[in-house]
$ cat protein.cif   # mmCIF, C-alpha atoms
data_upload
loop_
_atom_site.label_atom_id
_atom_site.label_comp_id
_atom_site.auth_asym_id
_atom_site.auth_seq_id
_atom_site.Cartn_x
_atom_site.Cartn_y
_atom_site.Cartn_z
CA MET A 308 93.93 20.05 118.85
CA ILE A 309 95.32 19.73 115.34
CA GLU A 310 95.73 15.93 115.65
CA THR A 311 91.96 15.46 115.46
CA GLU A 312 91.69 17.23 112.09
CA LEU A 313 94.87 15.56 110.85
CA THR A 314 93.57 12.08 111.77
CA ARG A 315 90.37 12.63 109.80
CA CYS A 316 92.29 14.13 106.87
CA VAL A 317 94.93 11.38 106.74
CA ALA A 318 92.27 8.65 106.74
CA SER A 319 90.78 10.22 103.62
CA PHE A 320 93.93 9.85 101.48
CA HIS A 321 95.86 7.03 103.18
CA PRO A 322 93.67 3.91 103.50
CA GLY A 323 94.22 1.97 106.71
CA ALA A 324 95.74 4.89 108.64
CA THR A 325 94.48 4.70 112.22
CA GLY A 326 95.61 8.09 113.51
CA VAL A 327 98.46 10.54 113.89
CA THR A 328 100.95 11.11 116.71
CA GLY A 329 103.64 13.55 117.70
CA ALA A 330 102.24 16.63 115.98
CA ALA A 331 104.58 19.55 116.70
CA LYS A 332 104.89 22.98 115.14
CA LEU A 333 108.33 23.48 113.62
CA SER A 334 108.10 27.10 112.56
CA GLY A 335 105.77 29.71 111.33
CA GLY A 336 104.28 33.12 111.68
CA ALA A 337 100.62 33.98 111.53
CA SER A 338 100.16 33.29 107.84
CA GLN A 339 102.25 30.18 107.29
CA GLU A 340 103.05 27.20 109.53
CA THR A 341 105.07 24.00 109.26
CA TRP A 342 104.12 20.97 111.38
CA THR A 343 105.78 17.58 111.74
CA PHE A 344 103.75 14.47 112.64
CA ASP A 345 103.64 10.70 112.21
CA ILE A 346 100.90 8.80 110.40
CA VAL A 347 100.04 5.62 112.33
CA HIS A 348 99.44 2.64 110.06
CA PRO A 349 99.41 -1.13 110.72
CA ASN A 350 102.28 -1.49 108.22
CA GLY A 351 104.41 1.03 110.13
CA THR A 352 104.41 4.73 110.90
CA ILE A 353 105.14 7.27 108.19
CA GLY A 354 106.82 10.61 108.84
CA ALA A 355 104.91 13.56 107.40
CA ILE A 356 105.03 17.35 107.22
CA LEU A 357 102.09 19.74 107.01
CA ARG A 358 102.72 23.12 105.44
CA ARG A 359 99.71 25.37 105.71
CA ALA A 360 98.14 28.76 106.05
CA PRO A 361 95.75 28.24 108.98
CA PRO A 362 92.01 28.76 108.42
CA GLY A 363 91.38 32.47 107.96
CA TYR A 364 94.74 33.13 106.28
CA GLY A 365 94.00 32.62 102.62
CA ALA A 366 95.94 35.08 100.57
CA ALA A 367 99.66 34.74 100.05
CA PRO A 368 101.68 37.88 100.79
CA GLY A 369 103.25 39.91 97.95
CA ARG A 370 106.17 37.88 96.66
CA ALA A 371 104.90 34.43 97.64
CA ALA A 372 103.97 31.89 95.00
CA GLY A 373 101.17 30.48 97.17
CA LEU A 374 100.90 27.08 98.81
CA ASP A 375 99.01 25.46 95.92
CA ALA A 376 101.80 26.47 93.54
CA GLU A 377 104.41 25.18 96.01
CA ALA A 378 102.69 21.78 96.15
CA THR A 379 102.54 21.57 92.36
CA LEU A 380 106.23 22.51 92.01
CA MET A 381 107.38 19.98 94.63
CA GLN A 382 105.37 17.24 92.97
CA LEU A 383 106.80 18.17 89.55
CA ALA A 384 110.34 18.10 90.99
CA HIS A 385 109.67 14.74 92.67
CA ASP A 386 108.27 13.27 89.47
CA ALA A 387 111.34 14.49 87.56
CA GLY A 388 113.59 12.53 89.93
CA LEU A 389 114.91 15.61 91.72
CA PRO A 390 115.49 15.49 95.49
CA SER A 391 112.07 16.66 96.63
CA PRO A 392 109.61 15.27 99.18
CA LYS A 393 106.60 13.43 97.80
CA VAL A 394 103.42 15.49 98.10
CA MET A 395 100.87 13.21 99.78
CA HIS A 396 97.79 15.42 99.86
CA VAL A 397 96.70 18.93 98.94
CA LEU A 398 94.31 20.29 101.59
CA ARG A 399 90.63 20.70 100.67
CA PRO A 400 88.12 22.94 102.45
CA GLU A 401 86.45 19.92 104.07
CA ASP A 402 89.74 19.00 105.79
CA GLY A 403 89.27 22.03 108.07
CA LEU A 404 93.02 22.64 108.20
CA GLY A 405 93.23 25.78 106.09
CA ARG A 406 95.16 25.93 102.82
CA GLY A 407 98.31 23.96 102.16
CA PHE A 408 99.55 20.43 101.69
CA ILE A 409 100.97 17.35 103.40
CA MET A 410 104.25 15.85 102.24
CA ALA A 411 106.53 12.98 103.19
CA ARG A 412 109.13 13.91 105.82
CA VAL A 413 112.73 13.67 104.62
CA GLU A 414 115.31 13.02 107.34
CA GLY A 415 118.47 15.13 107.36
CA GLU A 416 120.03 18.42 108.40
CA THR A 417 119.16 21.98 107.38
CA ILE A 418 121.35 23.91 109.84
CA ALA A 419 124.29 25.39 107.91
CA ARG A 420 126.77 25.44 110.79
CA LYS A 421 126.34 21.71 111.35
CA ILE A 422 126.59 20.90 107.65
CA LEU A 423 129.77 22.98 107.38
CA ARG A 424 131.44 21.75 110.56
CA ASP A 425 130.19 18.34 111.76
CA GLU A 426 132.21 15.22 110.99
CA GLU A 427 128.99 13.51 109.86
CA PHE A 428 128.93 15.71 106.71
CA ALA A 429 132.69 15.58 105.95
CA GLY A 430 132.03 13.27 103.01
CA ALA A 431 129.17 15.36 101.66
CA ARG A 432 130.92 18.75 101.63
CA PRO A 433 133.32 18.10 98.70
CA ILE A 434 130.55 16.75 96.46
CA LEU A 435 127.74 19.17 97.32
CA ALA A 436 128.50 22.05 94.92
CA ARG A 437 128.57 19.79 91.87
CA GLN A 438 125.50 17.91 93.06
CA LEU A 439 123.59 21.15 93.63
CA GLY A 440 124.61 22.29 90.14
CA ARG A 441 122.89 19.22 88.72
CA VAL A 442 119.82 19.76 90.92
CA ILE A 443 119.44 23.43 89.94
CA ALA A 444 119.78 22.43 86.29
CA GLY A 445 116.99 19.91 86.84
CA ILE A 446 114.77 22.57 88.38
CA HIS A 447 115.45 24.93 85.48
CA GLY A 448 114.57 22.15 83.08
CA LEU A 449 111.14 21.35 84.57
CA PRO A 450 108.51 21.38 81.80
CA GLN A 451 107.20 24.92 81.32
CA ALA A 452 103.78 23.72 80.23
CA LYS A 453 103.17 22.03 83.59
CA LEU A 454 104.20 24.97 85.78
CA PRO A 455 101.55 26.63 87.93
CA LYS A 456 100.84 30.32 87.46
CA LEU A 457 103.88 32.22 88.78
CA ARG A 458 105.20 35.77 88.85
CA SER A 459 107.66 36.57 86.14
CA LEU A 460 110.74 38.60 87.01
CA THR A 461 113.56 40.20 85.08
CA ALA A 462 116.77 41.74 86.36
CA THR A 463 115.39 45.20 85.57
CA LYS A 464 112.23 44.58 87.57
CA GLU A 465 114.17 43.12 90.51
CA ILE A 466 116.41 46.20 90.64
CA GLU A 467 113.37 48.48 90.70
CA ASP A 468 111.61 46.38 93.38
CA LEU A 469 114.72 46.44 95.57
CA SER A 470 115.24 50.15 95.03
CA ARG A 471 111.64 50.93 95.99
CA GLU A 472 111.79 48.78 99.10
CA TYR A 473 115.14 50.22 100.22
CA HIS A 474 114.01 53.81 99.65
CA SER A 475 110.79 53.17 101.61
CA PHE A 476 112.95 52.77 104.76
CA ASP A 477 114.18 56.37 104.37
CA TRP A 478 117.56 55.57 105.91
CA PRO A 479 120.32 56.66 103.52
CA ARG A 480 123.01 54.05 102.92
CA PRO A 481 125.64 55.17 100.41
CA VAL A 482 126.91 51.60 99.91
CA PHE A 483 123.43 50.35 98.96
CA GLU A 484 123.08 53.32 96.61
CA LEU A 485 126.42 52.40 95.03
CA ALA A 486 125.22 48.81 94.56
CA LEU A 487 121.92 49.95 92.99
CA ARG A 488 123.82 52.19 90.62
CA TRP A 489 126.18 49.31 89.72
CA LEU A 490 123.23 46.97 89.11
CA ARG A 491 121.56 49.50 86.79
CA ASP A 492 124.82 50.08 84.92
CA HIS A 493 125.43 46.32 84.56
CA ASP A 494 121.87 45.11 83.97
CA PRO A 495 122.44 42.27 81.49
CA GLY A 496 118.94 42.62 80.03
CA PRO A 497 116.49 39.78 79.46
CA SER A 498 118.10 36.34 79.55
CA SER A 499 118.22 34.29 76.35
CA GLU A 500 116.11 31.68 78.13
CA THR A 501 113.36 32.09 80.71
CA THR A 502 112.90 29.17 83.09
CA LEU A 503 111.45 28.27 86.45
CA VAL A 504 113.60 29.89 89.18
CA HIS A 505 113.46 28.39 92.69
CA GLY A 506 114.11 31.84 94.18
CA ASP A 507 115.55 30.79 97.54
CA PHE A 508 118.01 28.00 96.77
CA ARG A 509 120.43 28.08 99.74
CA HIS A 510 121.21 26.70 103.21
CA GLY A 511 118.13 26.26 105.35
CA ASN A 512 116.03 25.25 102.36
CA LEU A 513 118.12 22.19 101.51
CA ILE A 514 117.99 18.96 103.51
CA ILE A 515 121.47 17.47 103.57
CA GLY A 516 122.57 14.00 104.66
CA PRO A 517 126.01 12.36 104.85
CA ASP A 518 125.35 11.31 101.24
CA GLY A 519 124.61 14.84 100.01
CA VAL A 520 121.41 16.71 99.15
CA ARG A 521 118.18 14.86 99.93
CA ALA A 522 115.49 17.49 99.41
CA VAL A 523 114.92 21.01 98.15
CA LEU A 524 112.32 22.84 100.25
CA ASP A 525 110.53 26.15 100.43
CA TRP A 526 109.36 27.10 96.97
CA GLU A 527 107.63 30.17 98.35
CA LEU A 528 109.68 32.57 96.21
CA ALA A 529 109.52 30.52 93.00
CA HIS A 530 108.97 32.52 89.82
CA THR A 531 109.93 32.48 86.19
CA GLY A 532 112.94 34.44 85.00
CA ASP A 533 116.70 34.28 84.50
CA PRO A 534 118.00 30.83 85.61
CA MET A 535 121.34 32.43 86.57
CA GLU A 536 119.53 34.07 89.52
CA ASP A 537 119.53 30.78 91.46
CA LEU A 538 123.24 30.24 90.79
CA GLY A 539 124.08 33.76 91.99
CA TRP A 540 121.91 33.52 95.12
CA ILE A 541 123.64 30.40 96.43
CA CYS A 542 127.02 32.19 96.04
CA VAL A 543 126.02 35.15 98.27
CA ASN A 544 128.57 35.50 101.07
CA SER A 545 125.84 35.66 103.72
CA TRP A 546 125.30 31.88 103.26
CA ARG A 547 128.99 30.95 103.62
CA PHE A 548 128.93 31.13 107.41
CA GLY A 549 132.57 32.12 107.75
CA GLU A 550 133.93 29.88 104.97
CA ILE A 551 134.35 32.90 102.71
CA ASP A 552 136.79 31.26 100.29
CA LYS A 553 134.22 28.62 99.33
CA PRO A 554 131.64 30.68 97.45
CA VAL A 555 128.98 27.99 97.09
CA GLY A 556 127.33 27.80 100.51
CA GLY A 557 130.71 27.70 102.29
CA PHE A 558 131.41 24.20 100.96
CA GLY A 559 132.32 24.45 97.28
CA THR A 560 133.64 26.34 94.28
CA ARG A 561 131.79 28.09 91.50
CA GLU A 562 133.67 25.84 89.06
CA ASP A 563 132.17 22.71 90.66
CA LEU A 564 128.71 24.28 90.71
CA PHE A 565 128.98 25.19 87.02
CA ALA A 566 130.42 21.75 86.18
CA GLY A 567 127.42 20.04 87.81
CA TYR A 568 125.11 22.40 85.95
CA ALA A 569 126.85 21.47 82.68
CA GLU A 570 126.65 17.73 83.45
CA ALA A 571 122.88 18.11 83.43
CA GLY A 572 123.04 19.71 80.01
CA ARG A 573 122.86 23.42 80.86
CA LYS A 574 125.42 26.18 80.58
CA ALA A 575 126.23 28.70 83.27
CA ASP A 576 127.06 32.32 82.37
CA PRO A 577 129.63 33.43 85.00
CA ASP A 578 129.11 37.18 84.32
CA ARG A 579 125.35 36.89 84.83
CA VAL A 580 125.91 34.77 87.94
CA MET A 581 128.17 37.53 89.33
CA PHE A 582 125.48 40.12 88.58
CA TRP A 583 122.92 38.07 90.51
CA GLU A 584 125.40 37.55 93.37
CA VAL A 585 125.62 41.34 93.77
CA MET A 586 121.82 41.58 93.52
CA GLY A 587 121.42 38.79 96.07
CA THR A 588 123.83 40.40 98.51
CA LEU A 589 121.93 43.69 98.28
CA ARG A 590 118.62 41.84 98.52
CA TRP A 591 119.65 40.18 101.81
CA GLY A 592 120.83 43.58 103.07
CA VAL A 593 117.47 45.15 102.23
CA MET A 594 115.71 42.21 103.90
CA CYS A 595 117.76 42.87 107.08
CA CYS A 596 116.62 46.51 107.00
CA GLY A 597 113.05 45.29 106.53
CA MET A 598 113.40 43.21 109.70
CA MET A 599 114.43 46.37 111.54
CA GLN A 600 111.37 48.20 110.20
CA ARG A 601 109.02 45.43 111.31
CA PHE A 602 110.72 45.29 114.70
CA ARG A 603 110.16 49.01 115.17
CA SER A 604 106.58 49.12 113.92
CA GLY A 605 105.53 45.94 115.74
CA PRO A 606 103.67 43.77 116.56
CA ASP A 607 106.68 41.40 116.49
CA HIS A 608 108.94 43.35 118.83
CA SER A 609 111.51 40.56 119.07
CA MET A 610 115.21 40.70 119.85
CA GLU A 611 115.99 38.39 116.94
CA ARG A 612 114.37 40.79 114.47
CA ALA A 613 116.21 43.73 116.00
CA MET A 614 119.54 41.97 115.80
CA ILE A 615 119.01 40.83 112.20
CA GLY A 616 118.48 44.51 111.42
CA ARG A 617 122.02 45.14 112.60
CA ARG A 618 123.34 42.60 110.11
CA ALA A 619 122.74 44.90 107.12
CA SER A 620 126.30 46.19 107.56
CA GLU A 621 127.59 42.67 106.81
CA THR A 622 126.16 43.00 103.33
CA GLU A 623 127.72 46.45 102.98
CA ILE A 624 131.23 45.06 103.48
CA ASP A 625 130.44 42.20 101.11
CA LEU A 626 129.17 44.64 98.47
CA LEU A 627 132.35 46.70 98.82
CA ARG A 628 134.45 43.53 98.49
CA LEU A 629 132.59 42.76 95.26
CA LEU A 630 132.42 46.26 93.74
CA ALA A 631 135.35 48.21 95.20
CA PRO A 632 137.96 45.65 96.34
CA ARG A 633 140.94 47.15 98.15
CA GLY A 634 144.55 46.74 97.09
CA ARG A 635 143.78 44.54 94.13
CA MET B 1317 126.33 64.67 136.10
CA GLN B 1318 125.20 61.10 136.63
CA ASP B 1319 126.90 58.81 139.08
CA GLU B 1320 129.05 55.81 138.32
CA PRO B 1321 129.26 53.04 137.16
CA THR B 1322 128.80 54.11 133.53
CA PRO B 1323 126.17 52.57 131.23
CA ALA B 1324 128.91 50.62 129.46
CA GLU B 1325 130.15 49.17 132.74
CA LEU B 1326 126.65 48.22 133.86
CA ILE B 1327 125.71 46.55 130.57
CA LYS B 1328 128.97 44.64 130.51
CA ALA B 1329 128.37 43.41 134.08
CA VAL B 1330 124.87 42.18 133.14
CA ALA B 1331 126.11 40.50 129.94
CA ASP B 1332 128.95 38.78 131.80
CA PHE B 1333 126.54 37.49 134.46
CA LEU B 1334 124.11 36.13 131.85
CA ARG B 1335 126.94 34.55 129.86
CA SER B 1336 128.78 32.83 132.68
CA GLU B 1337 126.03 31.98 135.16
CA ILE B 1338 122.67 31.84 133.40
CA ALA B 1339 123.39 30.64 129.85
CA PRO B 1340 124.84 27.26 130.89
CA ALA B 1341 121.56 26.43 132.65
CA ILE B 1342 119.18 27.37 129.79
CA LYS B 1343 118.41 24.84 127.04
CA GLY B 1344 116.52 24.80 123.75
CA HIS B 1345 114.93 27.78 122.06
CA ASN B 1346 115.18 29.94 125.17
CA GLY B 1347 118.92 29.22 125.21
CA PHE B 1348 119.14 30.47 121.64
CA LYS B 1349 117.18 33.60 122.51
CA LEU B 1350 119.36 34.21 125.55
CA ARG B 1351 122.48 34.11 123.35
CA VAL B 1352 120.85 36.62 120.98
CA GLY B 1353 120.15 38.85 123.99
CA ILE B 1354 123.74 38.60 125.23
CA ASN B 1355 124.97 39.44 121.72
CA ALA B 1356 122.73 42.52 121.75
CA LEU B 1357 124.19 43.69 125.07
CA ASP B 1358 127.72 43.15 123.74
CA LEU B 1359 126.84 45.17 120.63
CA VAL B 1360 125.54 48.06 122.74
CA THR B 1361 128.73 47.99 124.83
CA ARG B 1362 130.83 48.28 121.67
CA GLN B 1363 128.63 51.05 120.30
CA LEU B 1364 128.97 53.06 123.51
CA ALA B 1365 132.74 52.70 123.27
CA PHE B 1366 133.28 53.38 119.56
CA ALA B 1367 130.35 55.19 117.98
CA GLU B 1368 131.06 58.75 119.06
CA ALA B 1369 134.59 58.80 117.64
CA GLY B 1370 133.50 56.91 114.49
CA ASP B 1371 130.63 59.30 113.81
CA ALA B 1372 132.90 62.32 114.21
CA VAL B 1373 135.46 61.18 111.66
CA GLU B 1374 132.69 60.01 109.30
CA ALA B 1375 131.11 63.47 109.43
CA ALA B 1376 134.47 65.12 108.83
CA ARG B 1377 135.15 62.95 105.78
CA LEU B 1378 131.64 63.61 104.40
CA LYS B 1379 131.99 67.37 104.81
CA GLN B 1380 135.24 67.30 102.89
CA LEU B 1381 133.92 64.97 100.20
CA LEU B 1382 130.70 66.97 99.65
CA ASP B 1383 131.88 70.45 100.63
CA ILE B 1384 128.70 71.05 102.65
CA ASP B 1385 127.74 71.06 106.33
CA GLY B 1386 124.92 69.21 108.08
CA THR B 1387 123.98 66.39 110.41
CA LEU B 1388 125.30 62.90 109.73
CA MET B 1389 121.89 61.91 108.37
CA GLU B 1390 121.77 64.94 106.04
CA LEU B 1391 125.31 64.34 104.83
CA ASN B 1392 124.64 60.64 104.15
CA ARG B 1393 121.47 61.56 102.31
CA ALA B 1394 123.36 64.06 100.16
CA LEU B 1395 126.07 61.51 99.35
CA SER B 1396 123.48 58.85 98.51
CA GLU B 1397 121.73 61.23 96.12
CA LYS B 1398 125.01 62.10 94.40
CA ILE B 1399 125.85 58.40 93.97
CA ALA B 1400 122.36 57.64 92.65
CA GLY B 1401 122.58 60.52 90.16
CA GLY B 1402 126.08 59.55 89.02
CA ALA B 1403 127.68 62.84 90.16
CA VAL B 1404 129.97 60.81 92.40
CA ASP B 1405 131.34 57.34 91.66
CA LEU B 1406 134.22 55.03 92.50
CA ASN B 1407 136.55 57.21 90.38
CA THR B 1408 135.83 60.17 92.67
CA PRO B 1409 138.91 60.75 94.85
CA GLY B 1410 138.24 59.68 98.42
CA LEU B 1411 134.86 57.98 97.89
CA SER B 1412 136.06 54.39 98.03
CA GLU B 1413 138.26 55.10 101.07
CA HIS B 1414 135.36 56.84 102.82
CA LEU B 1415 132.90 53.98 102.21
CA TRP B 1416 135.45 51.43 103.32
CA GLN B 1417 136.36 53.26 106.53
CA THR B 1418 132.72 53.93 107.41
CA THR B 1419 131.79 50.29 106.81
CA MET B 1420 134.76 48.97 108.80
CA ASP B 1421 133.77 51.24 111.71
CA LYS B 1422 130.21 49.87 111.56
CA LEU B 1423 131.37 46.26 111.53
CA ALA B 1424 133.61 46.92 114.54
CA VAL B 1425 130.37 47.58 116.44
CA ASP B 1426 127.86 45.32 114.66
CA GLN B 1427 129.78 42.12 113.96
CA PRO B 1428 133.52 42.08 114.71
CA ASN B 1429 133.57 38.31 114.17
CA TYR B 1430 132.20 38.53 110.63
CA ALA B 1431 134.67 36.68 108.39
CA SER B 1432 134.81 39.36 105.66
CA TYR B 1433 135.59 42.00 108.28
CA LYS B 1434 138.36 39.94 109.86
CA ARG B 1435 139.83 39.30 106.40
CA GLU B 1436 139.86 43.02 105.60
CA LEU B 1437 141.46 43.79 108.96
CA GLY B 1438 144.23 41.48 107.89
CA LYS B 1439 143.48 38.94 110.60
#
$ encode --input "protein.cif" --output "structure tokens"
Amino acid sequence: MIETELTRCVASFHPGATGVTGAAKLSGGASQETWTFDIVHPNGTIGAILRRAPPGYGAAPGRAAGLDAEATLMQLAHDAGLPSPKVMHVLRPEDGLGRGFIMARVEGETIARKILRDEEFAGARPILARQLGRVIAGIHGLPQAKLPKLRSLTATKEIEDLSREYHSFDWPRPVFELALRWLRDHDPGPSSETTLVHGDFRHGNLIIGPDGVRAVLDWELAHTGDPMEDLGWICVNSWRFGEIDKPVGGFGTREDLFAGYAEAGRKADPDRVMFWEVMGTLRWGVMCCGMMQRFRSGPDHSMERAMIGRRASETEIDLLRLLAPRGR
Amino acid sequence: MQDEPTPAELIKAVADFLRSEIAPAIKGHNGFKLRVGINALDLVTRQLAFAEAGDAVEAARLKQLLDIDGTLMELNRALSEKIAGGAVDLNTPGLSEHLWQTTMDKLAVDQPNYASYKRELGK
């Protein structure tokens, strides 16, 4: 029972805590889990989240920054006044909970369809793009000297990584090949400035309330590189959920996103953002194909995986709309 | 020759049963998974209806574009290699039209409700 270990752990960093209740697993595969629970304290209960690799799962897979790096980045963001949960405790071996950290739980919504459709968020939608522009600028401005050790990526390296992964599937897709060729022909080269890049800044990793963005989550893909990558990724059509005329997450315009970015003292480069939007669209397509591969090779022989595999064609039409628009 | 009903008719009957009689009674994560399952059955029904004709015209277009013969997989591999090597690009007559038609035919099976697809259909 995880509550036993959590109770002992919580008492070590939160004086007066008498126990934990309501521990429930929110998501996770074998190597990474997210749990919600409440810390019981005479002054009132405190909502908390555990993000961990269970005992026995130490090493982070290929692209992941690692849970220690995630904790450091979230704490840096929190300290800089960005919407980020407060990190309460980084797990130690004696906690017996594996590797990871405990953070304050932030209430709000992560499900895109609700954020885009529910009345509750009607007031948030028009302000979100500009707000997110400011938040991304804040992330890109986090002090370099304090960053944990992270992978460094350039456009050129990303193209080669994607190409290798796509070709490993051995399933020829002329539209993907066209996109790879376009990316190589339009590679903008190293950016004038290298910053922290969140790496997965989009719906699902943002907690939204009626007042707007409340927390940025999931720093698993954080790296250093071209800051325009984050701006392009959040414009990928796959995260618009049907609202295809609102490029930023289905709720806003690029102009508002760039304006928010400028308000925080940084300048967007629309051509580079477009390049990263194409890269991001192809990246999601390749990830869909990867789901199909894992479905076929097992052990996770799930329907969801299989069906995500069949969503690669969505990125093909989006790539064609970007690179070979009809009748325009 | 196998008897009737056809695979398409059987799958559609199962999907309709799950959708109208079972889904309303299932809540939570299993409800989500059930909807994914129903979507999969619907996709298979569409593939059984459309794929054969779509594949035939795709192969015909590829043979004309590449001036070679082969299976659909071989033809797609050949086209991919030509695009990668730069021998064929968007200025090549017929390439853009071929990629568009092939992709539209795939979406008709995979995701006919996808907003980009509906926009390109003119809906």
$ interface_residues --input "protein.cif" --of "chain A" --to "chain B" --cutoff "10 Å" --atoms "all atoms listed in the file" --output "number ranges by chain"
A: 477-489, 544-545, 547-552, 609-611, 613-625, 627-628, 630-633
$ resolve_selection --input "protein.cif" --expression "the PyMOL selection byres ((chain B and resi 1330) around 12)" --output "JSON, numbers by chain"
{"B": [1323, 1324, 1325, 1326, 1327, 1328, 1329, 1331, 1332, 1333, 1334, 1335, 1336, 1337, 1338, 1353, 1354, 1355, 1356, 1357, 1358, 1360, 1361]}
$ resolve_selection --input "protein.cif" --expression "the PyMOL selection byres ((chain A and resi 521) around 10)" --output "list of chain:residue names"
A:Leu389, A:Pro390, A:Ser391, A:Pro392, A:Val413, A:Glu414, A:Gly415, A:Glu416, A:Leu513, A:Ile514, A:Ile515, A:Gly516, A:Pro517, A:Asp518, A:Gly519, A:Val520, A:Ala522, A:Val523, A:Leu524
$ write_last_selection --input "protein.cif" --atoms "C-alpha atoms" --output "short mmCIF file (atom, residue, chain, number, x, y, z; two decimals), keeping the file's coordinate frame"
data_model
loop_
_atom_site.label_atom_id
_atom_site.label_comp_id
_atom_site.auth_asym_id
_atom_site.auth_seq_id
_atom_site.Cartn_x
_atom_site.Cartn_y
_atom_site.Cartn_z
CA LEU A 389 114.91 15.61 91.72
CA PRO A 390 115.49 15.49 95.49
CA SER A 391 112.07 16.66 96.63
CA PRO A 392 109.61 15.27 99.18
CA VAL A 413 112.73 13.67 104.62
CA GLU A 414 115.31 13.02 107.34
CA GLY A 415 118.47 15.13 107.36
CA GLU A 416 120.03 18.42 108.40
CA LEU A 513 118.12 22.19 101.51
CA ILE A 514 117.99 18.96 103.51
CA ILE A 515 121.47 17.47 103.57
CA GLY A 516 122.57 14.00 104.66
CA PRO A 517 126.01 12.36 104.85
CA ASP A 518 125.35 11.31 101.24
CA GLY A 519 124.61 14.84 100.01
CA VAL A 520 121.41 16.71 99.15
CA ALA A 522 115.49 17.49 99.41
CA VAL A 523 114.92 21.01 98.15
CA LEU A 524 112.32 22.84 100.25
#
$ resolve_selection --input "protein.cif" --expression "the PyMOL selection byres ((chain A and resi 567) around 7)" --output "MDAnalysis selection string"
chainID A and resid 437:438 440:441 563:566 568:571
$ axis_aligned_box --input "protein.cif" --around "segment 630-634 of chain A" --padding-each-side "4 Å" --output "lines of an AutoDock Vina configuration file"
center_x = 138.5
center_y = 46.9
center_z = 95.9
size_x = 20.1
size_y = 10.6
size_z = 12.4
$ residues_around --input "protein.cif" --residues "Leu1378 of chain B" --least-positions-apart "2" --cutoff "8 Å" --atoms "all atoms listed in the file" --output "NGL selection string"
:B and (1374-1376 or 1380-1383 or 1391-1392 or 1395 or 1414)
$ closest_residue --input "protein.cif" --among "A:Met599, A:Val593, A:Ala462, A:Ala411" --to "Gly532 of chain A" --atoms "only C-alpha atoms"
A:Ala462
$ closest_residue --input "protein.cif" --among "B:Arg1377, B:Ala1424, B:Gly1344, B:Leu1388" --to "Ala1365 of chain B" --atoms "all atoms listed in the file"
B:Ala1424
$ residues_near_point --input "protein.cif" --point "(131.2, 25.9, 104.0)" --cutoff "12 Å" --atoms "only C-alpha atoms" --output "JSON, numbers by chain"
{"A": [418, 419, 420, 421, 422, 423, 424, 425, 428, 429, 431, 432, 433, 434, 435, 436, 509, 510, 541, 542, 544, 545, 546, 547, 548, 549, 550, 551, 552, 553, 554, 555, 556, 557, 558, 559, 560]}
$ closest_residue --input "protein.cif" --among "A:Val543, A:Arg590, A:Asp537, A:Thr531" --to "Arg471 of chain A" --atoms "all atoms listed in the file"
A:Arg590
$ atom_distance --input "protein.cif" --atom1 "atom CA of Ala387 of chain A" --atom2 "atom CA of Trp540 of chain A"
23.0 Å
$ residues_around --input "protein.cif" --residues "segment 577-587 of chain A" --least-positions-apart "4" --cutoff "7 Å" --atoms "all atoms listed in the file" --output "compact mmCIF listing (two decimals) with C-alpha atoms, in the frame of the given file"
# COMPACT_ATOMS: atom_id res chain seq x y z
CA PRO A 495 122.44 42.27 81.49
CA MET A 535 121.34 32.43 86.57
CA GLU A 536 119.53 34.07 89.52
CA LEU A 538 123.24 30.24 90.79
CA GLY A 539 124.08 33.76 91.99
CA TRP A 540 121.91 33.52 95.12
CA CYS A 542 127.02 32.19 96.04
CA VAL A 543 126.02 35.15 98.27
CA TRP A 591 119.65 40.18 101.81
CA LEU A 626 129.17 44.64 98.47
$ atom_distance --input "protein.cif" --atom1 "atom CA of Pro450 of chain A" --atom2 "atom CA of His530 of chain A"
13.7 Å
$ atom_distance --input "protein.cif" --atom1 "atom CA of Ala384 of chain A" --atom2 "atom CA of Arg458 of chain A"
18.5 Å
